[in-house]
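See below for start33.csv, which holds CSV, C-alpha atoms.
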chain,number,residue,atom,x,y,z
U,1,GLN,CA,0.0,0.0,0.0
U,2,VAL,CA,2.9,2.3,0.6
U,3,GLN,CA,6.0,2.5,-1.7
U,4,LEU,CA,8.9,4.8,-2.3
U,5,VAL,CA,9.6,5.2,-6.0
U,6,GLU,CA,12.9,6.5,-7.0
U,7,SER,CA,14.0,8.2,-10.2
U,8,GLY,CA,17.2,9.7,-11.4
U,9,GLY,CA,20.7,8.3,-11.2
U,10,GLY,CA,22.7,7.2,-14.3
U,11,LEU,CA,26.2,7.6,-15.7
U,12,VAL,CA,28.1,10.9,-15.5
U,13,GLN,CA,31.7,12.1,-15.8
U,14,ALA,CA,33.6,13.2,-12.8
U,15,GLY,CA,32.7,16.8,-11.9
U,16,GLY,CA,29.2,16.4,-13.3
U,17,SER,CA,25.8,16.5,-11.5
U,18,LEU,CA,22.8,14.3,-11.0
U,19,ARG,CA,19.5,14.7,-9.3
U,20,HIS,CA,17.6,11.9,-7.5
U,21,SER,CA,13.9,12.0,-6.7
U,22,CYS,CA,11.9,9.8,-4.3
U,23,ALA,CA,8.2,9.9,-4.2
U,24,ALA,CA,5.9,8.1,-1.8
U,25,SER,CA,2.9,6.4,-3.4
U,26,GLY,CA,-0.3,5.5,-1.6
U,27,SER,CA,-2.8,7.4,0.5
U,28,ILE,CA,0.0,9.2,2.5
U,29,LEU,CA,-0.9,11.4,5.5
U,30,ASN,CA,2.5,12.1,6.9
U,31,ILE,CA,6.2,11.2,6.5
U,32,ASN,CA,8.8,11.6,9.2
U,33,THR,CA,12.5,11.7,8.3
U,34,MET,CA,13.5,10.9,4.7
U,35,ALA,CA,17.1,9.9,3.9
U,36,TRP,CA,19.4,8.8,1.2
U,37,TYR,CA,21.8,5.9,1.6
U,38,ARG,CA,24.3,4.3,-0.8
U,39,GLN,CA,25.9,0.9,-1.1
U,40,ASP,CA,28.9,-0.3,-3.0
U,41,PRO,CA,29.1,-4.1,-3.7
U,42,GLY,CA,30.9,-5.7,-0.7
U,43,LYS,CA,30.4,-2.7,1.5
U,44,GLN,CA,27.9,-1.7,4.1
U,45,ARG,CA,25.1,0.6,3.3
U,46,GLU,CA,26.0,4.1,4.4
U,47,LEU,CA,24.0,7.2,5.2
U,48,VAL,CA,24.5,10.0,2.7
U,49,ALA,CA,22.0,12.7,3.8
U,50,LEU,CA,18.8,13.0,5.7
U,51,ILE,CA,16.0,15.6,6.1
U,52,THR,CA,13.5,15.7,8.9
U,53,ALA,CA,9.9,16.5,8.6
U,54,GLY,CA,10.7,20.0,9.8
U,55,GLY,CA,13.5,20.5,7.2
U,56,ASP,CA,16.6,19.9,9.3
U,57,THR,CA,19.4,18.3,7.3
U,58,ASN,CA,22.4,16.2,8.0
U,59,TYR,CA,25.1,15.0,5.7
U,60,ALA,CA,28.0,12.5,5.6
U,61,ASP,CA,31.3,14.2,5.7
U,62,SER,CA,32.2,12.9,2.3
U,63,VAL,CA,29.4,14.7,0.6
U,64,LYS,CA,29.2,18.0,2.6
U,65,GLY,CA,29.3,21.0,0.3
U,66,ARG,CA,28.5,18.9,-2.8
U,67,PHE,CA,25.2,17.2,-2.2
U,68,THR,CA,21.9,18.9,-1.1
U,69,VAL,CA,18.9,17.1,0.2
U,70,SER,CA,15.4,18.7,0.1
U,71,ARG,CA,11.8,17.7,0.3
U,72,ASP,CA,8.3,18.8,-0.8
U,73,ASN,CA,5.9,17.7,1.8
U,74,ALA,CA,2.9,18.5,-0.4
U,75,LYS,CA,4.2,16.2,-3.1
U,76,LYS,CA,5.3,13.5,-0.5
U,77,SER,CA,8.7,13.6,-2.2
U,78,ALA,CA,12.4,14.1,-1.4
U,79,TYR,CA,15.3,15.0,-3.6
U,80,LEU,CA,19.1,14.6,-3.7
U,81,GLN,CA,21.0,17.1,-5.8
U,82,MET,CA,24.5,15.7,-6.3
U,83,ASN,CA,27.2,18.1,-7.7
U,84,SER,CA,30.9,17.8,-8.3
U,85,LEU,CA,30.6,14.1,-8.5
U,86,LYS,CA,33.6,11.9,-7.9
U,87,PRO,CA,34.3,8.2,-8.9
U,88,ALA,CA,34.1,7.5,-5.2
U,89,ASP,CA,30.4,8.4,-5.3
U,90,THR,CA,29.7,5.4,-7.5
U,91,ALA,CA,27.1,3.2,-5.8
U,92,VAL,CA,23.5,2.2,-5.7
U,93,TYR,CA,21.5,4.9,-4.0
U,94,TYR,CA,18.5,4.1,-1.9
U,95,CYS,CA,15.7,6.4,-0.5
U,96,ASN,CA,14.4,5.7,3.0
U,97,ALA,CA,11.5,7.0,5.2
U,98,ASP,CA,11.7,6.0,8.8
U,99,TRP,CA,7.9,6.4,9.5
U,100,ILE,CA,4.9,6.9,7.2
U,101,LEU,CA,1.3,7.4,8.2
U,102,PHE,CA,-1.2,6.5,5.6
U,103,ARG,CA,-4.9,5.6,5.1
U,104,ALA,CA,-5.3,1.8,5.0
U,105,THR,CA,-9.0,2.4,4.3
U,106,PRO,CA,-10.8,5.7,3.8
U,107,THR,CA,-11.5,5.8,7.6
U,108,THR,CA,-8.6,3.8,9.1
U,109,PRO,CA,-5.1,5.2,9.4
U,110,SER,CA,-2.1,2.9,9.6
U,111,GLN,CA,1.6,3.3,9.9
U,112,VAL,CA,4.7,1.6,8.5
U,113,TYR,CA,8.3,1.9,9.6
U,114,ASP,CA,11.6,1.8,7.7
U,115,VAL,CA,10.4,2.0,4.1
U,116,TRP,CA,13.0,1.7,1.3
U,117,GLY,CA,13.0,2.6,-2.4
U,118,GLN,CA,14.1,0.2,-5.1
U,119,GLY,CA,17.5,1.8,-5.5
U,120,THR,CA,19.1,3.5,-8.4
U,121,GLN,CA,22.6,3.1,-9.8
U,122,VAL,CA,25.0,6.1,-10.0
U,123,THR,CA,28.2,5.6,-11.9
U,124,VAL,CA,30.8,8.3,-12.0
U,125,SER,CA,33.6,7.9,-14.6
U,126,SER,CA,37.0,9.4,-14.2
Reformat the file's structure so that it appears as structure tokens.
Amino acid sequence: QVQLVESGGGLVQAGGSLRHSCAASGSILNINTMAWYRQDPGKQRELVALITAGGDTNYADSVKGRFTVSRDNAKKSAYLQMNSLKPADTAVYYCNADWILFRATPTTPSQVYDVWGQGTQVTVSS
């Protein structure tokens, strides 16, 4: 009933830019913190950036000053603008919402925790 659908990503040369989008589908009432993670094969998934419902943000040291996370609560969406990309940024990027309130039926709210998008590949060539 609730999904996070990602778009964006792709192949770019070092120094280039990409923009990810993450949209929640379903009868969404509220979303708490939304975040972007990334994972290289053989490595642990790492937090890239997060944005709270109130708009506070936090970034991994490796992306500070290059990446910007934002959200549009009316559109139930979050965005990750990635500038000055480096080959080290190559990974599968995942969108996450830690808590979503939604309508399970027209009169019954429900909630779900730790929702993940499908992941999108970002490849940065040198």
What separates CA of Tyr94 (chain U) and CA of Asn73 (chain U) is a distance of 18.9 Å
Can you find the residues with an atom no farther than 8 Å from (15.1, 15.2, -7.8), counting only C-alpha atoms, and report them as number ranges by chain? U: 7-8, 19-22, 78-81
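Neighbours of Gly9 (chain U) closer than or equal to 6 Å, with only C-alpha atoms counted and sequence neighbours fewer than 6 positions away skipped, come out as Thr120, Gln121 and Val122 of chain U.
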Extract, using all atoms listed in the file, all DNA, RNA and protein residues at most 8 Å from Arg66 (chain U), discarding same-chain residues fewer than 4 positions from it, and format them as a list in words. Met82, Asn83, Ser84 and Leu85 of chain U
Write out as a PyMOL selection string which residues come within 10 Å of Thr123 (chain U) when counting all atoms listed in the file, dropping same-chain ones fewer than 5 positions away. chain U and resi 9-14+85-92
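Distance check against Asp72 (chain U) using all atoms listed in the file: of U:Gly55, U:Gly42, U:Gly26, U:Pro106, the minimum falls on U:Gly55.
Closest approach to Thr68 (chain U) among U:Ser125, U:Ser110, U:Ala35, U:Glu46 is made by U:Ala35 (distances from all atoms listed in the file).
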Please determine, counting all atoms listed in the file, which residue among U:Leu101, U:Val5, U:Val112, U:Ala53 has the shortest atom-to-atom distance to Ser27 (chain U). U:Leu101
